[in-house]
Each structure stands twice: as C-alpha cells, then as structure tokens.
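With PDB, C-alpha atoms inside, this is protein.pdb:
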ATOM      1  CA  MET A   1      11.624 -13.411  19.071
ATOM      2  CA  LYS A   2      12.123 -11.680  15.712
ATOM      3  CA  LEU A   3       9.119 -10.045  14.106
ATOM      4  CA  LYS A   4       7.440 -12.185  11.448
ATOM      5  CA  VAL A   5       5.746 -10.595   8.445
ATOM      6  CA  TYR A   6       3.437 -12.877   6.479
ATOM      7  CA  ALA A   7       3.142 -11.333   3.037
ATOM      8  CA  ASP A   8       2.948 -11.658  -0.719
ATOM      9  CA  ARG A   9       4.727  -8.873  -2.593
ATOM     10  CA  MET A  10       1.990  -8.918  -5.223
ATOM     11  CA  SER A  11      -0.170  -7.488  -2.436
ATOM     12  CA  GLN A  12      -0.090  -3.695  -2.230
ATOM     13  CA  PRO A  13      -0.482  -3.582   1.591
ATOM     14  CA  SER A  14       2.201  -6.241   1.998
ATOM     15  CA  ARG A  15       4.664  -4.106   0.085
ATOM     16  CA  ALA A  16       3.936  -1.068   2.255
ATOM     17  CA  VAL A  17       4.651  -3.005   5.457
ATOM     18  CA  ILE A  18       7.851  -4.551   4.084
ATOM     19  CA  ILE A  19       9.185  -1.194   2.861
ATOM     20  CA  LEU A  20       8.485   0.489   6.211
ATOM     21  CA  CYS A  21      10.429  -2.251   7.990
ATOM     22  CA  LYS A  22      13.366  -2.134   5.607
ATOM     23  CA  VAL A  23      13.655   1.650   5.503
ATOM     24  CA  ASN A  24      13.664   1.861   9.291
ATOM     25  CA  GLY A  25      15.948  -1.068  10.051
ATOM     26  CA  ILE A  26      13.313  -3.265  11.686
ATOM     27  CA  GLU A  27      14.595  -6.824  11.660
ATOM     28  CA  PHE A  28      11.993  -9.327  10.528
ATOM     29  CA  ASP A  29      11.479 -12.698   8.932
ATOM     30  CA  GLU A  30       9.394 -12.489   5.770
ATOM     31  CA  VAL A  31       7.091 -15.488   5.399
ATOM     32  CA  LEU A  32       5.768 -15.845   1.866
ATOM     33  CA  ILE A  33       2.052 -16.527   1.549
ATOM     34  CA  ILE A  34       1.279 -16.999  -2.152
ATOM     35  CA  LEU A  35      -2.143 -15.521  -2.888
ATOM     36  CA  ALA A  36      -2.333 -17.105  -6.353
ATOM     37  CA  LYS A  37      -2.104 -20.527  -4.682
ATOM     38  CA  ARG A  38      -4.712 -19.556  -2.048
ATOM     39  CA  GLN A  39      -2.202 -20.182   0.724
ATOM     40  CA  GLN A  40      -3.870 -17.440   2.767
ATOM     41  CA  LEU A  41      -6.864 -19.745   3.110
ATOM     42  CA  SER A  42      -4.900 -22.711   4.453
ATOM     43  CA  PRO A  43      -5.802 -23.989   7.943
ATOM     44  CA  GLU A  44      -2.228 -23.301   9.083
ATOM     45  CA  PHE A  45      -2.382 -19.631   8.097
ATOM     46  CA  LYS A  46      -5.913 -19.171   9.403
ATOM     47  CA  GLU A  47      -4.625 -20.117  12.841
ATOM     48  CA  ILE A  48      -2.543 -16.943  12.600
ATOM     49  CA  ASN A  49      -5.125 -14.777  10.829
ATOM     50  CA  PRO A  50      -8.666 -16.189  10.835
ATOM     51  CA  LEU A  51      -9.654 -13.661   8.152
ATOM     52  CA  GLY A  52      -7.176 -15.248   5.732
ATOM     53  CA  LYS A  53      -5.502 -12.071   4.478
ATOM     54  CA  VAL A  54      -2.024 -10.620   4.097
ATOM     55  CA  PRO A  55      -0.141  -8.838   5.435
ATOM     56  CA  THR A  56      -0.197 -10.246   8.936
ATOM     57  CA  ILE A  57       2.474  -9.825  11.584
ATOM     58  CA  VAL A  58       3.447 -11.809  14.652
ATOM     59  CA  ASP A  59       5.518  -9.931  17.222
ATOM     60  CA  GLY A  60       6.212 -12.344  20.069
ATOM     61  CA  ARG A  61       2.774 -13.477  21.188
ATOM     62  CA  PHE A  62       1.053 -10.537  19.534
ATOM     63  CA  LYS A  63      -0.715 -11.124  16.219
ATOM     64  CA  LEU A  64      -2.028  -8.286  14.066
ATOM     65  CA  PHE A  65      -3.651  -7.949  10.673
ATOM     66  CA  GLU A  66      -5.006  -5.102   8.511
ATOM     67  CA  SER A  67      -2.171  -3.158   6.912
ATOM     68  CA  HIS A  68      -2.976   0.300   8.275
ATOM     69  CA  ALA A  69      -3.104  -1.051  11.810
ATOM     70  CA  ILE A  70       0.193  -2.849  11.194
ATOM     71  CA  LEU A  71       1.908   0.269   9.836
ATOM     72  CA  ILE A  72       0.773   2.310  12.837
ATOM     73  CA  TYR A  73       1.842  -0.411  15.280
ATOM     74  CA  LEU A  74       5.297  -0.772  13.755
ATOM     75  CA  ALA A  75       5.850   2.979  13.679
ATOM     76  CA  SER A  76       4.810   3.192  17.341
ATOM     77  CA  ALA A  77       6.461   0.068  18.746
ATOM     78  CA  PHE A  78       9.927   0.220  17.183
ATOM     79  CA  PRO A  79      12.181   3.102  18.306
ATOM     80  CA  SER A  80      14.182   2.968  15.069
ATOM     81  CA  VAL A  81      11.208   4.298  13.083
ATOM     82  CA  ALA A  82      11.665   8.008  12.341
ATOM     83  CA  ASP A  83       8.982  10.288  13.788
ATOM     84  CA  HIS A  84       7.782  11.565  10.420
ATOM     85  CA  TRP A  85       6.283   8.175   9.551
ATOM     86  CA  TYR A  86       3.732   8.478  12.372
ATOM     87  CA  PRO A  87       4.380  11.703  14.321
ATOM     88  CA  ASN A  88       3.923  12.072  18.062
ATOM     89  CA  ASP A  89       1.897  15.212  17.369
ATOM     90  CA  LEU A  90      -1.752  14.134  17.787
ATOM     91  CA  SER A  91      -3.115  16.546  15.182
ATOM     92  CA  LYS A  92      -0.698  15.188  12.588
ATOM     93  CA  ARG A  93      -1.636  11.629  13.526
ATOM     94  CA  ALA A  94      -5.323  12.449  13.136
ATOM     95  CA  LYS A  95      -4.709  13.818   9.641
ATOM     96  CA  ILE A  96      -2.801  10.670   8.702
ATOM     97  CA  HIS A  97      -5.764   8.604   9.897
ATOM     98  CA  SER A  98      -8.088  10.712   7.739
ATOM     99  CA  VAL A  99      -6.029   9.840   4.639
ATOM    100  CA  LEU A 100      -5.891   6.146   5.544
ATOM    101  CA  ASP A 101      -9.659   6.020   6.128
ATOM    102  CA  TRP A 102     -10.257   7.757   2.790
ATOM    103  CA  HIS A 103      -7.954   5.266   1.074
ATOM    104  CA  HIS A 104     -10.049   2.244   2.062
ATOM    105  CA  THR A 105     -13.237   3.504   0.435
ATOM    106  CA  ASN A 106     -11.825   5.412  -2.525
ATOM    107  CA  LEU A 107      -8.369   4.791  -3.959
ATOM    108  CA  ARG A 108      -8.148   1.137  -2.937
ATOM    109  CA  PRO A 109     -11.409  -0.113  -4.500
ATOM    110  CA  GLY A 110     -10.671   1.993  -7.566
ATOM    111  CA  ALA A 111      -7.094   0.877  -8.196
ATOM    112  CA  ALA A 112      -7.406  -2.702  -6.972
ATOM    113  CA  GLY A 113     -10.768  -3.200  -8.685
ATOM    114  CA  TYR A 114      -9.509  -1.882 -12.003
ATOM    115  CA  VAL A 115      -6.321  -3.967 -12.025
ATOM    116  CA  MET A 116      -8.170  -7.083 -10.893
ATOM    117  CA  ASN A 117     -10.798  -6.844 -13.619
ATOM    118  CA  THR A 118      -8.449  -5.863 -16.456
ATOM    119  CA  VAL A 119      -5.337  -7.953 -15.736
ATOM    120  CA  LEU A 120      -5.066 -10.051 -12.594
ATOM    121  CA  ALA A 121      -8.315 -12.021 -12.359
ATOM    122  CA  PRO A 122      -7.197 -14.956 -14.550
ATOM    123  CA  PHE A 123      -4.078 -15.446 -12.398
ATOM    124  CA  LEU A 124      -6.379 -15.958  -9.407
ATOM    125  CA  GLY A 125      -8.768 -18.313 -11.173
ATOM    126  CA  ARG A 126     -11.387 -15.649 -11.884
ATOM    127  CA  SER A 127     -12.877 -14.156 -15.045
ATOM    128  CA  LEU A 128     -12.273 -10.600 -16.238
ATOM    129  CA  ASP A 129     -15.289  -8.357 -15.765
ATOM    130  CA  SER A 130     -15.470  -5.354 -18.107
ATOM    131  CA  LYS A 131     -18.466  -3.843 -16.307
ATOM    132  CA  ALA A 132     -16.712  -4.033 -12.929
ATOM    133  CA  ALA A 133     -13.557  -2.600 -14.524
ATOM    134  CA  ALA A 134     -15.507   0.384 -15.868
ATOM    135  CA  GLU A 135     -17.033   1.078 -12.469
ATOM    136  CA  ALA A 136     -13.630   0.764 -10.780
ATOM    137  CA  GLU A 137     -12.101   3.145 -13.315
ATOM    138  CA  LYS A 138     -14.646   5.807 -12.369
ATOM    139  CA  ILE A 139     -13.673   5.457  -8.705
ATOM    140  CA  LEU A 140      -9.973   5.425  -9.574
ATOM    141  CA  THR A 141     -10.190   8.555 -11.736
ATOM    142  CA  LYS A 142     -12.117  10.428  -9.049
ATOM    143  CA  SER A 143      -9.586   9.302  -6.426
ATOM    144  CA  LEU A 144      -6.600  10.440  -8.503
ATOM    145  CA  SER A 145      -8.321  13.805  -8.967
ATOM    146  CA  THR A 146      -8.844  14.108  -5.195
ATOM    147  CA  LEU A 147      -5.202  13.250  -4.604
ATOM    148  CA  GLU A 148      -4.118  15.868  -7.116
ATOM    149  CA  THR A 149      -6.354  18.703  -5.944
ATOM    150  CA  PHE A 150      -6.849  18.045  -2.220
ATOM    151  CA  TRP A 151      -4.418  15.714  -0.476
ATOM    152  CA  LEU A 152      -1.491  17.095  -2.515
ATOM    153  CA  LYS A 153      -2.591  20.733  -2.659
ATOM    154  CA  GLY A 154       0.171  23.310  -2.418
ATOM    155  CA  ASN A 155       3.827  22.670  -3.184
ATOM    156  CA  ALA A 156       4.642  20.057  -0.536
ATOM    157  CA  LYS A 157       6.442  16.897  -1.614
ATOM    158  CA  PHE A 158       4.169  14.563   0.356
ATOM    159  CA  LEU A 159       0.584  14.183   1.538
ATOM    160  CA  LEU A 160      -0.918  16.696   3.960
ATOM    161  CA  GLY A 161       1.659  19.335   3.129
ATOM    162  CA  SER A 162       4.517  17.383   4.691
ATOM    163  CA  SER A 163       8.166  17.625   3.800
ATOM    164  CA  GLN A 164       8.775  13.945   4.649
ATOM    165  CA  PRO A 165       6.666  10.830   3.999
ATOM    166  CA  SER A 166       4.289   9.225   6.482
ATOM    167  CA  VAL A 167       2.690   5.788   6.626
ATOM    168  CA  ALA A 168      -0.153   7.319   4.604
ATOM    169  CA  ASP A 169       2.176   8.155   1.715
ATOM    170  CA  LEU A 170       3.585   4.648   1.769
ATOM    171  CA  SER A 171       0.200   2.931   1.854
ATOM    172  CA  LEU A 172      -1.290   4.992  -0.953
ATOM    173  CA  VAL A 173       1.801   4.868  -3.176
ATOM    174  CA  CYS A 174       1.972   1.079  -2.946
ATOM    175  CA  GLU A 175      -1.684   0.980  -3.964
ATOM    176  CA  ILE A 176      -1.068   3.106  -7.036
ATOM    177  CA  MET A 177       2.081   1.179  -8.005
ATOM    178  CA  GLN A 178      -0.165  -1.814  -8.688
ATOM    179  CA  LEU A 179      -1.089   0.020 -11.891
ATOM    180  CA  GLN A 180       2.389  -0.823 -13.216
ATOM    181  CA  VAL A 181       0.980  -4.178 -14.355
ATOM    182  CA  LEU A 182      -1.197  -2.356 -16.919
ATOM    183  CA  ASP A 183       0.026  -1.790 -20.444
ATOM    184  CA  GLU A 184       1.821   1.496 -21.058
ATOM    185  CA  LYS A 185      -0.971   3.051 -23.097
ATOM    186  CA  ASP A 186      -3.497   2.407 -20.332
ATOM    187  CA  ARG A 187      -1.179   3.794 -17.643
ATOM    188  CA  LEU A 188      -0.534   6.979 -19.629
ATOM    189  CA  ARG A 189      -4.250   7.478 -20.200
ATOM    190  CA  LEU A 190      -4.946   7.187 -16.474
ATOM    191  CA  PHE A 191      -1.988   9.198 -15.148
ATOM    192  CA  SER A 192      -1.288  11.925 -17.705
ATOM    193  CA  PRO A 193      -3.760  14.462 -16.219
ATOM    194  CA  TYR A 194      -2.218  14.172 -12.734
ATOM    195  CA  LYS A 195       1.264  15.689 -12.682
ATOM    196  CA  LYS A 196       1.335  16.241  -8.910
ATOM    197  CA  VAL A 197       0.470  12.596  -8.332
ATOM    198  CA  GLU A 198       3.335  11.517 -10.581
ATOM    199  CA  GLU A 199       5.769  13.828  -8.758
ATOM    200  CA  TRP A 200       4.578  12.563  -5.369
ATOM    201  CA  ILE A 201       5.091   8.939  -6.422
ATOM    202  CA  GLU A 202       8.643   9.762  -7.477
ATOM    203  CA  ASN A 203       9.303  11.700  -4.245
ATOM    204  CA  THR A 204       8.145   8.750  -2.142
ATOM    205  CA  ARG A 205      10.173   6.360  -4.251
ATOM    206  CA  LYS A 206      13.340   8.428  -3.756
ATOM    207  CA  ALA A 207      12.717   8.753  -0.012
ATOM    208  CA  THR A 208      12.557   4.975   0.408
ATOM    209  CA  GLN A 209      15.293   3.780  -1.918
ATOM    210  CA  PRO A 210      16.723   1.255  -2.567
ATOM    211  CA  HIS A 211      13.974  -0.715  -0.869
ATOM    212  CA  PHE A 212      11.126   0.769  -2.913
ATOM    213  CA  ASP A 213      12.457  -0.571  -6.210
ATOM    214  CA  VAL A 214      13.544  -3.901  -4.748
ATOM    215  CA  VAL A 215      10.157  -4.617  -3.185
ATOM    216  CA  HIS A 216       8.240  -3.500  -6.279
ATOM    217  CA  LYS A 217      10.377  -5.616  -8.600
ATOM    218  CA  THR A 218       7.749  -8.341  -8.215
ATOM    219  CA  LEU A 219       5.380  -6.285 -10.353
TER     220      LEU A 219
END

Will you turn the file into structure tokens for me?
Amino acid sequence: MKLKVYADRMSQPSRAVIILCKVNGIEFDEVLIILAKRQQLSPEFKEINPLGKVPTIVDGRFKLFESHAILIYLASAFPSVADHWYPNDLSKRAKIHSVLDWHHTNLRPGAAGYVMNTVLAPFLGRSLDSKAAAEAEKILTKSLSTLETFWLKGNAKFLLGSSQPSVADLSLVCEIMQLQVLDEKDRLRLFSPYKKVEEWIENTRKATQPHFDVVHKTL
C-alpha cells in the first residue's frame, strides 16, 4: 500500500514532511485535512490519530504522528532518502535530535505563537491576543539569536556545521517560513539582525527546489 500523508500545507510540520517525501522520491498520497474547518477533530480522523493533529502518516498498518518522529521514520525506512537527511553516524543523529528537541520548546512556540496571535487567530475562530504575541516575540527573538550564534556558528551552510541539510534544517526552516504571512515591515524588523539565518533559509530552499517553493505557495 502507498504511504498516506494526512496534512494541511498551512501547517509548518506538514510542509516539512511533504518536502522530505518529494525531494527523496517517496511516493505518497496526500490527504488534505483542513485545520481551519477543524477536520482534524472529526471522528473519522481521530480514528487515525486520536490526538487530532497533522501531519499523520499511515504506512501499511503502521500509523505515526508527531512530525519529528515522522521525519526520522521516513528517512530511516525508505532507501531512497539520502544519508545526509538522517545520517547513519550515531553522533550526527544525536546532534540532530538535540536541535529537534530545542525546536519544540524554543523556536516553535516563538514563531507559531507570534503568527497565531498577530495574523492567523481569526481564521481559526479565535481572537488576536497582543499580550500573547508580545511574549511569543520575546521567545522568537531569542530563538533567532540562538540560531544565528550557536546552531549556525562557523561558515557551514546548514545546521550543526553540515554541508548538506538534515531533517532538522527542514523542520526548523518550515517553522520560520510561517513568518511569510506577516507584513513586510514586521518581517524585516524581526529578520534584519540575523544575516546567517537568512542565508541558511536560502541555502535550504535551494537544496530542496522546486518542491520548497511549490509546497510553501500556500502561504
């Protein structure tokens, strides 16, 4: 049976999973779950993922959710995936996990929280929250600074000093690309101090073309 990917391209993690599949020639059926219509909470979808979130994959009888787990599974289970996405070297894998763990408690709440409370909330039936947006911006700014000075230290094109992207690059870039829904003035204010971050985004974009632009067209 062909792999099924349940996703909404407005979801940052969904985009990361879709791009990984497309770049590496993994055949899959994309099943649209529209978050704005709360389709992720339908009884039919909750039979697949009881937590009611996207992305979710079904590979034969195997069901899996949580995007980082999905990225690691796909990179491990499909021989067509190039080694640099999730290297066989255990030390390199451990470093990738350290970035992914950091992402969940830093960049993700910062970027997602800021976009939600400045732009997206009304589309999901919620109210904008300026106080929550201000708190998220603090987390986002600190996270961008950490990316600039720590995860991207040196002259390497990608995270952890790598010359090619990993699943960590893909996950974090898709998170940051959500900021494209902000107005230009706001984006420039947030990004202008972080030249390495901007270069890294462009490097990851180029390494995953044309799929990167196609998948992000939704934004």

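Straight-line separation from CA of Pro165 (chain A) to CA of Glu184 (chain A): 27.2 Å.
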
Query raised in the report: Could you spell out the hits of the PyMOL selection byres ((chain A and resi 171-183) around 9) on the shown file, as a PyMOL selection string?
Result: chain A and resi 10-17+67-68+71+99-100+103+107-108+111-112+114-115+118-120+166-170+184-188+200-201+204-205+216+219

Query raised in the report: Got a sec: who's within 12 Å of Pro193 (chain A), counting all atoms listed in the file, leaving out chain neighbours fewer than 3 positions off, as an MDAnalysis selection string?
Result: chainID A and resid 141:142 144:145 147:149 187:190 196:198

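The result of the PyMOL selection byres ((chain A and resi 48) around 10) on the shown file is Tyr6, Gln40, Pro43, Glu44, Phe45, Lys46, Glu47, Asn49, Pro50, Leu51, Gly52, Lys53, Thr56, Ile57, Val58, Lys63, Leu64 and Phe65 of chain A.
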
Report summary line: As a check of understanding: the span from CA of Pro55 (chain A) to CA of Gln164 (chain A) is 24.5 Å

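In terms of minimum interatomic distance to Gly25 (chain A), A:Thr208 ranks closest within A:Thr218, A:Ser143, A:Ser162, A:Thr208, counting all atoms listed in the file.
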
Query - Neighbour list for region 74-81 of chain A as a count of residues only, cut-off 8 Å, all atoms listed in the file, skip fewer than 2 positions in-chain - result: 10

Query raised in the report: What residues come out when you apply the PyMOL selection byres ((chain A and resi 31) around 8) to this file, written as a ChimeraX atom specification?
Result: /A:4-7,29-30,32-33

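Between CA of Pro109 (chain A) and CA of Ala136 (chain A) the interatomic distance comes to 6.7 Å.
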
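Residue nearest Ile96 (chain A), chosen from A:Ala69, A:Ile18, A:Leu160, A:Leu128 and counting only C-alpha atoms: A:Leu160.
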
What box, with edges along x, y and z, holds each listed atom of region 101-114 of chain A when 3 Å is added on every side, and can you state its centre and edge lengths in Å to one decimal, as lines of an AutoDock Vina configuration file?
center_x = -10.2
center_y = 2.3
center_z = -2.9
size_x = 12.1
size_y = 17.0
size_z = 24.1

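In this comparison, which uses all atoms listed in the file, the residue of A:Asn88, A:Gly113, A:Lys153, A:Phe28 approaching Glu137 (chain A) most closely is A:Gly113.
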